[in-house]
Structure formats: C-alpha cells, structure tokens
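Containing compact mmCIF, C-alpha atoms: protein.txt.
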```
# COMPACT_ATOMS: atom_id res chain seq x y z
CA MET J 1 -36.93 10.84 -7.00
CA THR J 2 -35.00 8.52 -4.70
CA HIS J 3 -31.59 7.22 -5.62
CA THR J 4 -30.28 3.83 -4.82
CA LEU J 5 -26.85 3.49 -3.28
CA LEU J 6 -25.57 2.08 -6.55
CA GLU J 7 -26.85 5.12 -8.48
CA CYS J 8 -25.18 7.45 -5.98
CA LEU J 9 -21.87 5.63 -6.29
CA LEU J 10 -22.01 5.71 -10.08
CA ALA J 11 -22.87 9.42 -10.08
CA GLY J 12 -20.11 10.36 -7.65
CA ASP J 13 -16.35 10.65 -7.91
CA PRO J 14 -14.97 9.05 -11.11
CA ALA J 15 -12.65 6.72 -9.15
CA LEU J 16 -15.52 5.50 -6.97
CA ALA J 17 -17.74 5.09 -10.04
CA ARG J 18 -14.98 3.00 -11.66
CA LEU J 19 -14.58 0.84 -8.53
CA THR J 20 -18.37 0.41 -8.37
CA ARG J 21 -18.46 -0.77 -11.97
CA LYS J 22 -15.49 -3.08 -11.42
CA TYR J 23 -16.48 -4.70 -8.13
CA LEU J 24 -20.27 -4.43 -7.96
CA LEU J 25 -21.20 -4.63 -11.64
CA ASP J 26 -18.34 -6.90 -12.73
CA THR J 27 -17.49 -4.60 -15.65
CA GLN J 28 -13.99 -3.97 -16.97
CA THR J 29 -13.36 -0.24 -16.91
CA PRO J 30 -10.29 1.84 -17.77
CA TYR J 31 -8.29 3.62 -15.10
CA VAL J 32 -9.26 7.22 -14.37
CA THR J 33 -7.24 10.28 -13.40
CA GLN J 34 -10.12 12.62 -12.62
CA GLY J 35 -11.81 13.46 -9.33
CA TRP J 36 -10.01 12.52 -6.14
CA ILE J 37 -7.17 10.86 -8.04
CA GLY J 38 -6.71 14.02 -10.09
CA ALA J 39 -6.76 16.16 -6.96
CA PHE J 40 -4.00 14.02 -5.44
CA LEU J 41 -1.96 14.14 -8.65
CA GLU J 42 -2.22 17.94 -8.76
CA ARG J 43 -0.67 18.17 -5.29
CA PHE J 44 2.42 16.16 -6.25
CA ASP J 45 5.67 18.15 -6.21
CA PRO J 46 7.70 16.90 -9.20
CA GLN J 47 10.88 18.58 -7.92
CA THR J 48 10.93 16.67 -4.64
CA GLY J 49 8.88 13.64 -5.72
CA ARG J 50 6.68 14.16 -2.66
CA TRP J 51 3.26 15.08 -1.42
CA GLY J 52 2.68 17.13 1.72
CA ARG J 53 6.34 18.19 2.02
CA GLY J 54 7.22 14.89 3.69
CA ILE J 55 7.78 11.17 3.39
CA TYR J 56 5.81 9.74 6.34
CA GLY J 57 4.66 12.97 7.94
CA PRO J 58 2.75 15.16 8.17
CA LYS J 59 0.47 12.21 8.66
CA TRP J 60 -2.38 11.69 6.20
CA ILE J 61 -1.02 14.19 3.63
CA SER J 62 2.53 12.86 3.32
CA THR J 63 3.88 10.92 0.37
CA PHE J 64 3.37 7.56 2.12
CA TYR J 65 -0.28 8.11 2.99
CA THR J 66 -1.13 9.79 -0.32
CA MET J 67 0.30 6.74 -2.09
CA ARG J 68 -1.92 4.53 0.09
CA ASP J 69 -4.96 6.58 -0.91
CA LEU J 70 -4.04 6.40 -4.59
CA ALA J 71 -3.63 2.62 -4.41
CA ALA J 72 -6.99 2.28 -2.60
CA LEU J 73 -8.62 4.35 -5.35
CA GLU J 74 -6.85 2.09 -7.86
CA ILE J 75 -4.84 4.60 -9.81
CA ASP J 76 -3.17 3.01 -12.82
CA PRO J 77 -0.28 1.27 -11.02
CA LEU J 78 2.06 2.28 -13.84
CA HIS J 79 1.05 5.95 -13.80
CA PRO J 80 4.33 7.93 -13.92
CA ILE J 81 3.53 10.02 -10.84
CA TYR J 82 2.62 6.93 -8.83
CA GLN J 83 5.87 5.31 -9.95
CA LYS J 84 7.86 8.43 -9.03
CA GLY J 85 6.23 8.37 -5.59
CA LEU J 86 7.33 4.75 -5.14
CA ASP J 87 10.87 5.67 -6.18
CA THR J 88 10.86 8.48 -3.61
CA LEU J 89 9.71 6.07 -0.89
CA LEU J 90 12.36 3.54 -1.88
CA GLU J 91 15.04 6.23 -1.59
CA SER J 92 13.79 7.83 1.62
CA LEU J 93 11.46 5.67 3.71
CA MET J 94 13.53 2.68 4.72
CA ASP J 95 16.77 0.99 3.82
CA LEU J 96 15.81 -2.47 2.60
CA ARG J 97 19.23 -3.78 3.67
CA HIS J 98 18.67 -2.79 7.32
CA LEU J 99 15.10 -3.51 8.37
CA GLU J 100 15.60 -4.87 11.90
CA GLY J 101 13.57 -2.87 14.41
CA ARG J 102 11.46 -1.16 11.74
CA ASP J 103 7.72 -0.75 12.26
CA LEU J 104 5.94 -3.84 10.96
CA CYS J 105 2.83 -1.90 9.88
CA VAL J 106 4.89 0.48 7.76
CA ALA J 107 6.88 -2.41 6.29
CA ALA J 108 3.66 -4.25 5.40
CA MET J 109 1.97 -1.20 3.90
CA PHE J 110 5.12 -0.37 1.94
CA ALA J 111 5.27 -3.93 0.57
CA SER J 112 1.63 -3.54 -0.50
CA LEU J 113 2.41 -0.28 -2.32
CA LEU J 114 5.37 -1.82 -4.12
CA ALA J 115 3.37 -4.90 -5.12
CA TYR J 116 0.50 -2.74 -6.37
CA GLY J 117 2.98 -0.66 -8.36
CA GLN J 118 4.38 -3.85 -9.92
CA HIS J 119 7.90 -3.21 -8.66
CA GLU J 120 10.61 -5.82 -8.99
CA SER J 121 10.58 -8.75 -6.58
CA TRP J 122 14.05 -7.94 -5.24
CA GLN J 123 12.61 -4.72 -3.81
CA ILE J 124 9.65 -6.43 -2.16
CA LEU J 125 11.16 -9.70 -0.91
CA PRO J 126 13.26 -8.18 1.92
CA LEU J 127 10.08 -6.65 3.37
CA ILE J 128 8.14 -9.92 3.06
CA ARG J 129 11.00 -11.91 4.62
CA TYR J 130 11.14 -9.37 7.47
CA LEU J 131 7.40 -9.75 8.07
CA VAL J 132 7.53 -13.55 7.92
CA ASP J 133 10.39 -13.58 10.42
CA HIS J 134 8.58 -11.35 12.93
CA ALA J 135 5.25 -13.11 13.44
CA GLN J 136 4.07 -13.21 17.04
CA PRO J 137 3.74 -16.51 18.93
CA ASP J 138 -0.05 -16.30 18.43
CA GLY J 139 0.41 -16.24 14.64
CA GLY J 140 -0.31 -12.56 14.01
CA TRP J 141 1.82 -9.41 13.98
CA ASN J 142 2.11 -6.27 16.10
CA CYS J 143 3.77 -2.98 15.14
CA GLY J 144 4.53 -2.48 18.84
CA MET J 145 6.72 -5.58 18.88
CA PHE J 146 9.90 -3.57 19.27
CA SER J 147 8.68 -0.41 21.02
CA HIS J 148 6.43 -2.15 23.57
CA HIS J 149 8.08 -5.59 23.60
CA THR J 150 4.71 -7.27 23.22
CA GLU J 151 4.13 -10.86 22.18
CA LYS J 152 0.45 -10.42 21.33
CA SER J 153 -0.67 -9.58 17.83
CA SER J 154 -2.81 -6.59 16.90
CA VAL J 155 -5.69 -6.67 14.44
CA HIS J 156 -4.44 -3.67 12.43
CA THR J 157 -0.91 -4.93 11.97
CA THR J 158 -2.06 -8.46 11.19
CA ILE J 159 -4.50 -7.20 8.55
CA SER J 160 -1.78 -4.97 7.05
CA VAL J 161 0.61 -7.92 6.80
CA LEU J 162 -2.02 -10.25 5.31
CA GLU J 163 -2.94 -7.54 2.78
CA ALA J 164 0.74 -7.29 1.82
CA PHE J 165 0.94 -11.07 1.39
CA ALA J 166 -2.25 -11.08 -0.71
CA GLY J 167 -1.02 -8.16 -2.83
CA CYS J 168 2.24 -9.95 -3.54
CA GLU J 169 0.41 -13.15 -4.49
CA ALA J 170 -2.05 -11.28 -6.72
CA GLY J 171 0.75 -9.25 -8.29
CA GLY J 172 2.73 -12.34 -9.19
CA VAL J 173 5.77 -11.43 -7.10
CA SER J 174 8.27 -14.22 -7.67
CA GLY J 175 10.36 -15.92 -5.02
CA LEU J 176 7.90 -15.48 -2.15
CA PRO J 177 8.87 -17.56 0.91
CA GLU J 178 6.82 -20.69 1.50
CA GLU J 179 6.38 -19.63 5.15
CA MET J 180 4.39 -16.63 3.91
CA ARG J 181 1.79 -18.91 2.38
CA ASP J 182 1.73 -21.01 5.55
CA GLN J 183 1.22 -17.95 7.77
CA ALA J 184 -1.45 -16.50 5.49
CA ALA J 185 -3.39 -19.78 5.51
CA CYS J 186 -4.19 -19.60 9.22
```
Here is the file; what I need is its structure written in the form of structure tokens.
Amino acid sequence: MTHTLLECLLAGDPALARLTRKYLLDTQTPYVTQGWIGAFLERFDPQTGRWGRGIYGPKWISTFYTMRDLAALEIDPLHPIYQKGLDTLLESLMDLRHLEGRDLCVAAMFASLLAYGQHESWQILPLIRYLVDHAQPDGGWNCGMFSHHTEKSSVHTTISVLEAFAGCEAGGVSGLPEEMRDQAAC
C-alpha cells in the first residue's frame, strides 16, 4: 500500500497532523500537547524557567530556540509553560529599555515570540520601533549592521523582521508604528 504525503503527515506527530488539518484541510482543530510539543514541555525546568540550561545558548536547545520551535509547532500560545518561557526571556534576554546595538535577528524573533504569546503591546512595541529605526538603505535589515558595519540587507534578517511585523499585525498588537506598515509593503 502506498501512502500519500497527506496521509503520512496525518499519521505522524500530533502537532504536524494538527498543522496539516489546519493549513491543508482547512479544518479547525484544538491545540495539542503530545508528540514533539510534549517532548519539549517535558524538558522544561520549572525552577529556572528554562530549557537547555540557558537563555540563548547552548544554541538550538536553549530557551530561546525551544520557544521558537514551540511557536512553529503552534503550541497553545497561552499554555502556562510557554508563557513562563516568555517571562524568562523578558527577564533575561534583553533589556527593552536599552536595545541600541542589539542583534536585529534576535530582536525580530523575540518580537515574533511575544506577539505569538499574545503579550502586551508595551512589551513588543520597543522591539518593533527598534527594527523600524534600523532598516538598511536598501529597505531590508541585516543582523551584522553593528558588528560588520554593513549597509546591505540580508535575506534571513529581513525575513525575520517581516515575520515579526506580520505576527504583530495578525496578533492585533495595538500602537504599531505606521512606518512598519510602509516598510512591510515593499
């Protein structure tokens, strides 16, 4: 018996099956906490509020990157462990009052996480303002802007910033700067 790709996706990990139903079959489905999402949740340390014993590193297993994976798998954005992870990032990743010189990719991805988690606008707006204010002359963004003093945008950073803008729009973040809409329209 041969399986179609759709059958394989539906028979696989519960989060992927849910995303398949949602995006390919246009079916409303409840959030899941089994499979990969469950495996991530089991690795959360409730005492530190972290994954992988770190905030941004060790890379790919740290709190930051685990939160990115959970958002991509569409965990319930109000799940208490996801919310605790956001609180940990807000406390430890970057001071929203002093963003100058911070990596634009990290700022964009962090804004996306906060928007996905339905955090308050006052926590997201400093990041969005920072991104708007640091567009390159060619209209994109580059995380090497400060470290390499470049004036050319990079595809990865630009996509990360546009995803943050789209996430804020979709999440109904209030008070978004008009320049954000202008930059995203290019």
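Proximity of J:Gln183, J:Ala164, J:Leu90, J:Arg97 to Gln136 (chain J), computed with all atoms listed in the file, is greatest for J:Gln183.
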Check which residues of region 30-91 of chain J sit at most 12 Å from region 108-115 of chain J using all atoms listed in the file, and return one row each with the closest pair of atoms and their distance in Å to one decimal, ordered by chain and rising number, as a tab-separated table.
```
residue	atom	partner	partner_atom	distance
J:Ile55	CA	J:Phe110	CA	11.9
J:Tyr56	CA	J:Phe110	CA	11.0
J:Thr63	CA	J:Phe110	CA	11.5
J:Phe64	CA	J:Phe110	CA	8.1
J:Tyr65	CA	J:Met109	CA	9.6
J:Thr66	CA	J:Leu113	CA	10.9
J:Met67	CA	J:Leu113	CA	7.3
J:Arg68	CA	J:Leu113	CA	6.9
J:Asp69	CA	J:Leu113	CA	10.2
J:Leu70	CA	J:Leu113	CA	9.6
J:Ala71	CA	J:Leu113	CA	7.0
J:Ala72	CA	J:Leu113	CA	9.7
J:Glu74	CA	J:Leu113	CA	11.0
J:Ile75	CA	J:Leu113	CA	11.5
J:Pro77	CA	J:Leu113	CA	9.2
J:Leu78	CA	J:Leu114	CA	11.1
J:Tyr82	CA	J:Leu113	CA	9.7
J:Gln83	CA	J:Leu114	CA	9.2
J:Lys84	CA	J:Leu114	CA	11.6
J:Gly85	CA	J:Leu113	CA	10.0
J:Leu86	CA	J:Leu114	CA	6.9
J:Asp87	CA	J:Leu114	CA	9.5
J:Thr88	CA	J:Leu114	CA	11.7
J:Leu89	CA	J:Phe110	CA	8.4
J:Leu90	CA	J:Phe110	CA	9.1
```
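In this structure, CA of Thr4 (chain J) sits 23.3 Å away from CA of Gln34 (chain J).
One distance worth recording is that between CA of His149 (chain J) and CA of Leu162 (chain J), which is 21.4 Å.
Distances from J:Gly12, J:Gly167, J:Val132, J:Cys143 to His119 (chain J) were compared using only C-alpha atoms, and the smallest one belongs to J:Gly167.
Among the candidate residues J:Arg43, J:Arg181, J:Arg18, J:His79, the one lying nearest to Gln118 (chain J) is J:His79, with distances computed using only C-alpha atoms.
Of the residues under consideration (J:Ala107, J:Ile61, J:Ala39, J:Ala166), J:Ala39 shows the shortest atom-to-atom contact distance to Asp13 (chain J) when counting all atoms listed in the file.
Minimum distance to Thr48 (chain J) across J:Gln123, J:Ser147, J:Ser92, J:Thr157 (counting all atoms listed in the file) occurs at J:Ser92.
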Pairwise distance for CA of Leu99 (chain J) and CA of Arg53 (chain J), rounded to one decimal in Å: 24.2 Å
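The residue that comes closest to Asp45 (chain J), out of J:Ile81, J:Met180, J:Ala15, J:Leu73 and on the basis of only C-alpha atoms, is J:Ile81.
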Spatial neighbours of Gly140 (chain J), max dist 9 Å, all atoms listed in the file, sep filter under 4 positions, as a ChimeraX atom specification: /J:135-136,152-155,157-159,161,183
What would region 62-73 of chain J look like with all heavy atoms restored, written as a compact mmCIF listing (two decimals), in the frame of the given file?
```txt
# COMPACT_ATOMS: atom_id res chain seq x y z
N SER J 62 1.15 13.14 3.75
CA SER J 62 2.53 12.86 3.32
C SER J 62 2.54 11.97 2.08
O SER J 62 1.51 11.44 1.65
CB SER J 62 3.29 12.16 4.45
OG SER J 62 2.71 10.88 4.68
N THR J 63 3.70 11.77 1.54
CA THR J 63 3.88 10.92 0.37
C THR J 63 3.37 9.51 0.65
O THR J 63 2.61 8.94 -0.15
CB THR J 63 5.36 10.89 -0.05
OG1 THR J 63 5.76 12.24 -0.32
CG2 THR J 63 5.59 10.03 -1.27
N PHE J 64 3.76 8.93 1.78
CA PHE J 64 3.37 7.56 2.12
C PHE J 64 1.86 7.40 2.13
O PHE J 64 1.30 6.49 1.49
CB PHE J 64 3.96 7.17 3.48
CG PHE J 64 3.70 5.75 3.87
CD1 PHE J 64 4.51 4.73 3.39
CD2 PHE J 64 2.66 5.42 4.71
CE1 PHE J 64 4.28 3.40 3.75
CE2 PHE J 64 2.42 4.10 5.08
CZ PHE J 64 3.24 3.10 4.59
N TYR J 65 1.16 8.26 2.85
CA TYR J 65 -0.28 8.11 2.99
C TYR J 65 -1.03 8.52 1.73
O TYR J 65 -2.09 7.95 1.43
CB TYR J 65 -0.78 8.85 4.23
CG TYR J 65 -0.44 8.06 5.46
CD1 TYR J 65 0.67 8.38 6.24
CD2 TYR J 65 -1.19 6.95 5.81
CE1 TYR J 65 1.02 7.61 7.34
CE2 TYR J 65 -0.85 6.18 6.92
CZ TYR J 65 0.24 6.52 7.69
OH TYR J 65 0.58 5.75 8.76
N THR J 66 -0.51 9.46 0.96
CA THR J 66 -1.13 9.79 -0.32
C THR J 66 -1.02 8.60 -1.27
O THR J 66 -1.97 8.27 -1.99
CB THR J 66 -0.50 11.05 -0.94
OG1 THR J 66 -0.67 12.14 -0.02
CG2 THR J 66 -1.14 11.40 -2.27
N MET J 67 0.14 7.93 -1.25
CA MET J 67 0.30 6.74 -2.09
C MET J 67 -0.69 5.64 -1.68
O MET J 67 -1.23 4.94 -2.52
CB MET J 67 1.74 6.21 -1.98
CG MET J 67 2.80 7.17 -2.50
SD MET J 67 2.81 7.32 -4.27
CE MET J 67 3.29 5.69 -4.76
N ARG J 68 -0.94 5.51 -0.38
CA ARG J 68 -1.92 4.53 0.09
C ARG J 68 -3.31 4.87 -0.43
O ARG J 68 -4.06 4.00 -0.86
CB ARG J 68 -1.93 4.46 1.62
CG ARG J 68 -0.62 4.06 2.23
CD ARG J 68 -0.56 2.71 2.83
NE ARG J 68 -1.70 2.36 3.64
CZ ARG J 68 -2.26 1.15 3.62
NH1 ARG J 68 -1.78 0.21 2.85
NH2 ARG J 68 -3.30 0.88 4.38
N ASP J 69 -3.66 6.17 -0.38
CA ASP J 69 -4.96 6.58 -0.91
C ASP J 69 -5.07 6.31 -2.41
O ASP J 69 -6.09 5.82 -2.89
CB ASP J 69 -5.20 8.07 -0.64
CG ASP J 69 -5.47 8.37 0.82
OD1 ASP J 69 -5.89 7.46 1.57
OD2 ASP J 69 -5.26 9.52 1.24
N LEU J 70 -4.02 6.63 -3.15
CA LEU J 70 -4.04 6.40 -4.59
C LEU J 70 -4.18 4.92 -4.92
O LEU J 70 -4.91 4.54 -5.84
CB LEU J 70 -2.78 6.98 -5.25
CG LEU J 70 -2.75 8.50 -5.36
CD1 LEU J 70 -1.37 8.98 -5.77
CD2 LEU J 70 -3.81 9.00 -6.33
N ALA J 71 -3.50 4.07 -4.18
CA ALA J 71 -3.63 2.62 -4.41
C ALA J 71 -5.05 2.15 -4.07
O ALA J 71 -5.63 1.34 -4.79
CB ALA J 71 -2.59 1.86 -3.60
N ALA J 72 -5.63 2.67 -2.99
CA ALA J 72 -6.99 2.28 -2.60
C ALA J 72 -8.00 2.72 -3.66
O ALA J 72 -8.99 2.03 -3.91
CB ALA J 72 -7.34 2.87 -1.24
N LEU J 73 -7.75 3.87 -4.28
CA LEU J 73 -8.62 4.35 -5.35
C LEU J 73 -8.30 3.69 -6.69
O LEU J 73 -8.96 3.94 -7.69
CB LEU J 73 -8.50 5.87 -5.49
CG LEU J 73 -9.06 6.69 -4.33
CD1 LEU J 73 -8.63 8.14 -4.43
CD2 LEU J 73 -10.58 6.57 -4.27
```
